[in-house]
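Shown next, in structure tokens, is the structure this report addresses.
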Amino acid sequence: MGLRCLALLALVFVASLVVGCAGREKITCSPSDLTGCVVDEVEVTGNKALGDDEIEQRIATAETGGAFEHVPLLGAIDALTVEYERFDRFVLERDLQRVARLYRAKGYYKAVVRAGRVRRIDEKKSDDPGAVRTHVEIVVEEGMPTRVRRVSLVWRDWDPATGDSKAGAAATNAKNTLAEGAIFTEEAYEEVRGRIQRELTDLGYAYALVDAKATIDLQTDETKDDSADITYTVELGPKCTFGAVTLEGLDTIPDWQIRPALGFEEDDPYSTDRLEEAEVALNDFGVFASIEITPQLSKEGPRKTKIPIKIVARPGALRAVRLGGGIELGGAIATHGIAGWQHKNLFGALDRFNIEARPRLVLYPLKLLTLFNFNQDETPVVEGQPPPPEKGGVRPVYEVVGRLSYQLPIPYDPRTTFFVQGSGSVGLERNHDIPDSYTVDTNIPGEYVAEQRVGIERRFFLSRLLVGIAHNLSYSQPFSYNLDEPPKGRDALLLSYLQHYAEVDLRRGPDGKFNRLNPTSGVLAGFDVQMAGFFVGGDASDVKVRPEIRFFAPLARRVTIAGRFAMGFLYVHDYRRDTPEGDNVGGIPILDRETTTADVEKTADSEGDPDLREALTRDAQILSKRGLYSGGPTSNRGYTFNEIAPHRVIGDEGERLADPDAIGGRTLWEASIELRFPVVGDLGGVVFVDSSDVTRDLGQLRLDHPHVSSGLGIRYETPVGPLRLDLGFRIPYLQVLGEETVESCIKRGAECPTLVIDEGDASVFLGLPAALSIAIGHAY
């Protein structure tokens, strides 16, 4: 394994050497005045109010370097392929003016910015122009800031005695957000002006106009703050209503579906807020390439109080064919393909139809984390026990999934959507925990699955609130990839459940607008309740509840802290009709702590209890679909998919497993926090800490089993979200408090007294207690 890694690094290094040497530019440098020489360092001193990054992003004089400059081995790639930054005195002079202007915009009108020193820093004072390296120093003398002394509001056409009191209160409240005594900044000054105007246009005053004026009083005493007197002059204008709405550019998009989605009609009170809500509603249809909503205000003559609205919406491509494929390197080693077709206006009602097929070939049980050491570790022999059975080799497992869906905005209420989805598949059992290794007697569980989902959902409040209800039906017929027939107990399974979900999405991007892909501030809260069985039928009766909350907050420019907390609870009424109610596991015998391995294990001396084994296999089959799990790219990144959960140690046929099998639990909690920061261009990085646990009992919260993992990740921005790679490390003594490592009884070679154990064996990566994950989109 080590030789492979060294060979890979050597290949990367040689490739970068070839590319770098071929593309390196000839450096022209004047050692006398350093013009054209390589800029190795840019240093800003004396700045306290503004950070180095904020200043360096505004200037053209920049340091030479790359994303991996200080990373061992990989730093050589930057050294060979980087494009050098050159020193230019005229550019530096303009940069100094830019920095001074930036300080004035931040309220420091007396700031002085000058070039400190421009000097050579290469150790050998060679005459070779390519060897000269320069250090550029920018010195800032900030001085005292300008503070807001007074903020006034002046009306041109509004009388407090007879005018609209709501307009006066709204404008005053917006004005008061600029506090007296605060440092005067142009950004806050303009933001308040826009806020006053927006409050008035939301109240129906379409012609409201706000002029802003700031008078700066500069003090001669350098120890005193300068002051600013700000005046906002408001011209209110008449109160207005919506006029005729004109739709242009729709092409084949139905006018009768678009108009009700706008949320306003002719003669309704005018509101900028309602125009913004209409734009969001049109965007939610997903069919328009561009949308422009323009109030047709009177420019000359008498002002019309009935404001016509012009909407130009240009559709994008309504039909699409999807063909593709790829290789999976993660919790499984697989190759897959996709073929699909989509129409976004199938019958002319903005109804969307999608059909696709996804074939997949899995090299079972290979994973990225076990690729180089598969079958190298032998299962220990337990004294007094027969030798472990023969291990199975790599086996190709074929899968295919077919899906279709239909979505229809309800006529005359298109913000409400009816949907129906169906799928059929042949493949590995859903949520199957692929073992690190397996024996020839271990069942590789497959299933034929047919599923449908029918429901309705609606968006409210600028699409910030989503509420939906659906009925889900799933029928599965088990089979075995390697045995003549599936083990007893794995029979046909019918699951039927109602689902109610709600989500409040208040996430915003750096521009302050709604942003789902790359939020930098705000909160997302969701709630999902599922009720299976009871009066909707099926083979399992339970209630599953999954609340979740996420938060995002900016720490600096392009630096965001994000967090997530989620819980899950599974109340089981009955998973077996012949199980007496009232037992300590709510109708799930497999989770009973008194069920021992001796009850079900096949050995040389005992066949176990075949009836009990059949019943427990049925429980495992249901729990694999209804149980709770943690671990993977979107939860705990120190573990692979579904590794945190109760595990069983005896298989369907009574065989002792070579690797414990995750079967799901009934109580879950997950907590994560990460810092997102830029690296260079579209490349970004994260530092994260994840923690979670899953237990077998309802309401059992084990804070002494935090499963803490921490790690690093990189992000590359794409149009569909960031492509990410995360490497999470499990922290010793913080998986189970007080224990350096956590190993199952199987891995330790000890006897396993109970059928289900609380901890399985986590995968390793390159011999380390870590997991590597690759995905599209942020972890949350």
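Every chain in the structure tokens has a letter given in the order shown (A, B, ...), and although residue numbers restart at 1 in each chain, ligands are simply numbered from 1 in the order shown.
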
**Request:** Report the residues of stretch 490-645 of chain A whose backbone DSSP state falls under alpha helix (DSSP H), written as a PyMOL selection string.
**Result:** chain A and resi 597-600+610-626

Go ahead and dump the residues you just picked, N, CA, C and O atoms, as a PDB file, in the first residue's frame.
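Writing done, so here's again10.pdb:
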ATOM      1  N   THR A 597     -26.333 -14.910  21.621  1.00  0.00           N
ATOM      2  CA  THR A 597     -25.846 -15.582  20.407  1.00  0.00           C
ATOM      3  C   THR A 597     -26.119 -17.073  20.470  1.00  0.00           C
ATOM      4  O   THR A 597     -26.373 -17.717  19.444  1.00  0.00           O
ATOM      5  N   ALA A 598     -26.078 -17.642  21.676  1.00  0.00           N
ATOM      6  CA  ALA A 598     -26.307 -19.086  21.809  1.00  0.00           C
ATOM      7  C   ALA A 598     -27.720 -19.469  21.392  1.00  0.00           C
ATOM      8  O   ALA A 598     -27.971 -20.622  21.005  1.00  0.00           O
ATOM      9  N   ASP A 599     -28.649 -18.519  21.456  1.00  0.00           N
ATOM     10  CA  ASP A 599     -30.037 -18.817  21.079  1.00  0.00           C
ATOM     11  C   ASP A 599     -30.185 -19.084  19.592  1.00  0.00           C
ATOM     12  O   ASP A 599     -31.101 -19.812  19.181  1.00  0.00           O
ATOM     13  N   VAL A 600     -29.321 -18.481  18.774  1.00  0.00           N
ATOM     14  CA  VAL A 600     -29.539 -18.536  17.327  1.00  0.00           C
ATOM     15  C   VAL A 600     -28.335 -19.021  16.529  1.00  0.00           C
ATOM     16  O   VAL A 600     -28.459 -19.371  15.356  1.00  0.00           O
ATOM     17  N   PRO A 610     -34.218 -22.404  15.268  1.00  0.00           N
ATOM     18  CA  PRO A 610     -34.510 -21.927  13.907  1.00  0.00           C
ATOM     19  C   PRO A 610     -35.717 -20.993  13.844  1.00  0.00           C
ATOM     20  O   PRO A 610     -35.748 -20.066  13.032  1.00  0.00           O
ATOM     21  N   ASP A 611     -36.735 -21.226  14.691  1.00  0.00           N
ATOM     22  CA  ASP A 611     -37.906 -20.347  14.670  1.00  0.00           C
ATOM     23  C   ASP A 611     -37.550 -18.942  15.155  1.00  0.00           C
ATOM     24  O   ASP A 611     -37.980 -17.943  14.563  1.00  0.00           O
ATOM     25  N   LEU A 612     -36.760 -18.874  16.236  1.00  0.00           N
ATOM     26  CA  LEU A 612     -36.337 -17.571  16.731  1.00  0.00           C
ATOM     27  C   LEU A 612     -35.432 -16.885  15.721  1.00  0.00           C
ATOM     28  O   LEU A 612     -35.550 -15.681  15.484  1.00  0.00           O
ATOM     29  N   ARG A 613     -34.558 -17.654  15.089  1.00  0.00           N
ATOM     30  CA  ARG A 613     -33.651 -17.079  14.092  1.00  0.00           C
ATOM     31  C   ARG A 613     -34.443 -16.501  12.917  1.00  0.00           C
ATOM     32  O   ARG A 613     -34.141 -15.432  12.393  1.00  0.00           O
ATOM     33  N   GLU A 614     -35.484 -17.189  12.520  1.00  0.00           N
ATOM     34  CA  GLU A 614     -36.333 -16.703  11.425  1.00  0.00           C
ATOM     35  C   GLU A 614     -37.025 -15.405  11.818  1.00  0.00           C
ATOM     36  O   GLU A 614     -37.098 -14.456  11.027  1.00  0.00           O
ATOM     37  N   ALA A 615     -37.523 -15.339  13.066  1.00  0.00           N
ATOM     38  CA  ALA A 615     -38.193 -14.124  13.535  1.00  0.00           C
ATOM     39  C   ALA A 615     -37.221 -12.951  13.604  1.00  0.00           C
ATOM     40  O   ALA A 615     -37.557 -11.820  13.223  1.00  0.00           O
ATOM     41  N   LEU A 616     -36.002 -13.212  14.095  1.00  0.00           N
ATOM     42  CA  LEU A 616     -35.021 -12.134  14.211  1.00  0.00           C
ATOM     43  C   LEU A 616     -34.556 -11.653  12.840  1.00  0.00           C
ATOM     44  O   LEU A 616     -34.260 -10.466  12.655  1.00  0.00           O
ATOM     45  N   THR A 617     -34.474 -12.553  11.879  1.00  0.00           N
ATOM     46  CA  THR A 617     -34.125 -12.155  10.519  1.00  0.00           C
ATOM     47  C   THR A 617     -35.174 -11.213   9.942  1.00  0.00           C
ATOM     48  O   THR A 617     -34.854 -10.239   9.252  1.00  0.00           O
ATOM     49  N   ARG A 618     -36.449 -11.510  10.258  1.00  0.00           N
ATOM     50  CA  ARG A 618     -37.527 -10.629   9.807  1.00  0.00           C
ATOM     51  C   ARG A 618     -37.384  -9.240  10.437  1.00  0.00           C
ATOM     52  O   ARG A 618     -37.560  -8.213   9.773  1.00  0.00           O
ATOM     53  N   ASP A 619     -37.042  -9.194  11.737  1.00  0.00           N
ATOM     54  CA  ASP A 619     -36.832  -7.908  12.400  1.00  0.00           C
ATOM     55  C   ASP A 619     -35.721  -7.118  11.730  1.00  0.00           C
ATOM     56  O   ASP A 619     -35.831  -5.904  11.502  1.00  0.00           O
ATOM     57  N   ALA A 620     -34.618  -7.810  11.434  1.00  0.00           N
ATOM     58  CA  ALA A 620     -33.483  -7.132  10.791  1.00  0.00           C
ATOM     59  C   ALA A 620     -33.873  -6.602   9.423  1.00  0.00           C
ATOM     60  O   ALA A 620     -33.438  -5.523   9.007  1.00  0.00           O
ATOM     61  N   GLN A 621     -34.713  -7.347   8.708  1.00  0.00           N
ATOM     62  CA  GLN A 621     -35.161  -6.913   7.389  1.00  0.00           C
ATOM     63  C   GLN A 621     -35.969  -5.619   7.482  1.00  0.00           C
ATOM     64  O   GLN A 621     -35.773  -4.686   6.685  1.00  0.00           O
ATOM     65  N   ILE A 622     -36.869  -5.530   8.476  1.00  0.00           N
ATOM     66  CA  ILE A 622     -37.691  -4.322   8.623  1.00  0.00           C
ATOM     67  C   ILE A 622     -36.851  -3.159   9.132  1.00  0.00           C
ATOM     68  O   ILE A 622     -36.953  -2.031   8.633  1.00  0.00           O
ATOM     69  N   LEU A 623     -35.999  -3.427  10.131  1.00  0.00           N
ATOM     70  CA  LEU A 623     -35.182  -2.351  10.680  1.00  0.00           C
ATOM     71  C   LEU A 623     -34.231  -1.763   9.646  1.00  0.00           C
ATOM     72  O   LEU A 623     -33.877  -0.591   9.718  1.00  0.00           O
ATOM     73  N   SER A 624     -33.793  -2.556   8.686  1.00  0.00           N
ATOM     74  CA  SER A 624     -32.896  -2.027   7.659  1.00  0.00           C
ATOM     75  C   SER A 624     -33.554  -0.908   6.865  1.00  0.00           C
ATOM     76  O   SER A 624     -32.870  -0.067   6.279  1.00  0.00           O
ATOM     77  N   LYS A 625     -34.910  -0.887   6.860  1.00  0.00           N
ATOM     78  CA  LYS A 625     -35.631   0.151   6.127  1.00  0.00           C
ATOM     79  C   LYS A 625     -36.220   1.226   7.038  1.00  0.00           C
ATOM     80  O   LYS A 625     -36.398   2.364   6.622  1.00  0.00           O
ATOM     81  N   ARG A 626     -36.523   0.877   8.285  1.00  0.00           N
ATOM     82  CA  ARG A 626     -37.188   1.827   9.171  1.00  0.00           C
ATOM     83  C   ARG A 626     -36.294   2.315  10.304  1.00  0.00           C
ATOM     84  O   ARG A 626     -36.638   3.276  10.989  1.00  0.00           O
TER      85      ARG A 626
END

**Message:** Give me the residues near A:Ser227 as a PyMOL selection string, where near means some atom within 12 Å (using only C-alpha atoms) and where sequence neighbours in that chain fewer than 5 positions away do not count.
**Reply:** chain A and resi 107-109+144-151+180-185+214-220

**Request:** Please indicate the distance in Å from atom CA of A:Leu723 to atom CA of A:Arg508, rounded to one decimal place.
**Result:** 20.0 Å

**Prompt:** Can you list, as a ChimeraX atom specification, every protein, DNA or RNA residue that comes within 10 Å of stretch 345-355 of chain A when you count only C-alpha atoms, leaving out same-chain residues fewer than 6 positions away?
**Reply:** /A:252-258,285-287,318-322,339,402-411,414,417-423

Using the selection just defined, write its residues with N, CA and C atoms as a compact mmCIF listing (two decimals), in the first residue's frame.
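The resulting again11.txt:
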# COMPACT_ATOMS: atom_id res chain seq x y z
N THR A 252 -44.60 28.77 -25.00
CA THR A 252 -45.60 27.72 -24.77
C THR A 252 -46.01 27.61 -23.30
N ILE A 253 -45.46 28.44 -22.44
CA ILE A 253 -45.82 28.39 -21.02
C ILE A 253 -47.23 28.96 -20.85
N PRO A 254 -48.13 28.27 -20.14
CA PRO A 254 -49.53 28.71 -20.05
C PRO A 254 -49.69 29.96 -19.18
N ASP A 255 -50.31 30.96 -19.77
CA ASP A 255 -50.61 32.20 -19.06
C ASP A 255 -51.51 31.94 -17.85
N TRP A 256 -52.47 31.00 -17.99
CA TRP A 256 -53.44 30.75 -16.92
C TRP A 256 -52.83 30.08 -15.69
N GLN A 257 -51.63 29.53 -15.82
CA GLN A 257 -50.93 29.01 -14.65
C GLN A 257 -50.04 30.07 -14.01
N ILE A 258 -49.51 30.97 -14.84
CA ILE A 258 -48.57 31.97 -14.34
C ILE A 258 -49.28 33.05 -13.53
N PHE A 285 -40.93 27.49 -10.40
CA PHE A 285 -41.40 26.60 -11.47
C PHE A 285 -40.24 25.89 -12.16
N GLY A 286 -39.05 26.51 -12.14
CA GLY A 286 -37.87 25.88 -12.72
C GLY A 286 -37.86 25.81 -14.23
N VAL A 287 -38.63 26.67 -14.90
CA VAL A 287 -38.69 26.62 -16.36
C VAL A 287 -38.17 27.89 -17.03
N LEU A 318 -37.05 23.23 -22.22
CA LEU A 318 -38.11 22.50 -21.54
C LEU A 318 -37.91 20.99 -21.61
N ARG A 319 -37.11 20.54 -22.54
CA ARG A 319 -36.83 19.10 -22.68
C ARG A 319 -35.34 18.87 -22.45
N ALA A 320 -35.04 17.74 -21.87
CA ALA A 320 -33.63 17.43 -21.62
C ALA A 320 -33.43 15.92 -21.64
N VAL A 321 -32.31 15.51 -22.20
CA VAL A 321 -31.89 14.11 -22.20
C VAL A 321 -30.65 14.00 -21.33
N ARG A 322 -30.62 13.04 -20.45
CA ARG A 322 -29.48 12.84 -19.57
C ARG A 322 -28.82 11.51 -19.89
N ALA A 339 -29.40 7.11 -17.72
CA ALA A 339 -30.05 7.51 -18.96
C ALA A 339 -31.44 8.01 -18.59
N GLY A 402 -35.10 1.87 -12.01
CA GLY A 402 -35.89 2.67 -12.94
C GLY A 402 -36.82 3.58 -12.17
N ARG A 403 -36.88 4.85 -12.55
CA ARG A 403 -37.72 5.81 -11.83
C ARG A 403 -38.54 6.64 -12.82
N LEU A 404 -39.73 7.01 -12.40
CA LEU A 404 -40.51 8.00 -13.14
C LEU A 404 -41.26 8.87 -12.15
N SER A 405 -41.51 10.10 -12.55
CA SER A 405 -42.22 11.03 -11.66
C SER A 405 -43.03 11.99 -12.50
N TYR A 406 -44.12 12.46 -11.90
CA TYR A 406 -44.99 13.45 -12.55
C TYR A 406 -45.38 14.49 -11.50
N GLN A 407 -45.28 15.76 -11.90
CA GLN A 407 -45.52 16.87 -10.98
C GLN A 407 -46.45 17.86 -11.66
N LEU A 408 -47.52 18.25 -10.98
CA LEU A 408 -48.50 19.15 -11.57
C LEU A 408 -48.84 20.28 -10.61
N PRO A 409 -48.50 21.53 -10.97
CA PRO A 409 -49.02 22.67 -10.18
C PRO A 409 -50.54 22.71 -10.29
N ILE A 410 -51.20 22.81 -9.15
CA ILE A 410 -52.66 22.78 -9.15
C ILE A 410 -53.20 23.97 -9.96
N PRO A 411 -54.06 23.72 -10.95
CA PRO A 411 -54.60 24.83 -11.74
C PRO A 411 -55.26 25.89 -10.86
N PRO A 414 -51.20 27.51 -8.44
CA PRO A 414 -49.99 26.78 -8.85
C PRO A 414 -48.88 26.76 -7.81
N THR A 417 -48.54 22.01 -5.32
CA THR A 417 -48.09 21.04 -6.32
C THR A 417 -48.52 19.63 -5.92
N PHE A 418 -49.13 18.93 -6.86
CA PHE A 418 -49.43 17.52 -6.70
C PHE A 418 -48.30 16.72 -7.36
N PHE A 419 -47.88 15.63 -6.72
CA PHE A 419 -46.81 14.83 -7.32
C PHE A 419 -47.08 13.35 -7.10
N VAL A 420 -46.62 12.56 -8.05
CA VAL A 420 -46.65 11.10 -7.95
C VAL A 420 -45.31 10.59 -8.46
N GLN A 421 -44.73 9.67 -7.71
CA GLN A 421 -43.43 9.11 -8.07
C GLN A 421 -43.50 7.59 -7.97
N GLY A 422 -42.80 6.93 -8.86
CA GLY A 422 -42.75 5.47 -8.84
C GLY A 422 -41.37 4.99 -9.21
N SER A 423 -41.01 3.84 -8.69
CA SER A 423 -39.70 3.28 -9.01
C SER A 423 -39.74 1.77 -8.88

**Message:** Calculated over only C-alpha atoms, which of the candidates A:Arg656, A:Ile549, A:Asp592, A:Ile333 has the smallest distance to A:Val440?
**Reply:** A:Arg656

**Message:** Considering only strand (DSSP E or B) as DSSP defines it on the backbone, what residues of stretch 96-345 of chain A qualify? List them as JSON, numbers by chain.
**Reply:** {"A": [112, 113, 114, 115, 116, 117, 118, 119, 120, 133, 134, 135, 136, 137, 138, 139, 140, 141, 146, 147, 148, 149, 150, 151, 152, 153, 154, 155, 183, 209, 210, 211, 212, 213, 214, 215, 216, 217, 226, 227, 228, 229, 230, 231, 232, 233, 234, 235, 241, 242, 243, 244, 245, 246, 247, 248, 269, 288, 289, 290, 291, 292, 293, 294, 295, 306, 307, 308, 309, 310, 311, 312, 313, 314, 315, 319, 320, 321, 322, 323, 324, 325, 326, 327, 328, 329, 333, 334, 335, 336, 337, 338, 339, 340, 341, 342, 343]}

**Complete:** Of A:Ile456, A:Ala212, A:Ile650, A:Arg120, the one sitting nearest A:Ala188 when using only C-alpha atoms is A:Ala212
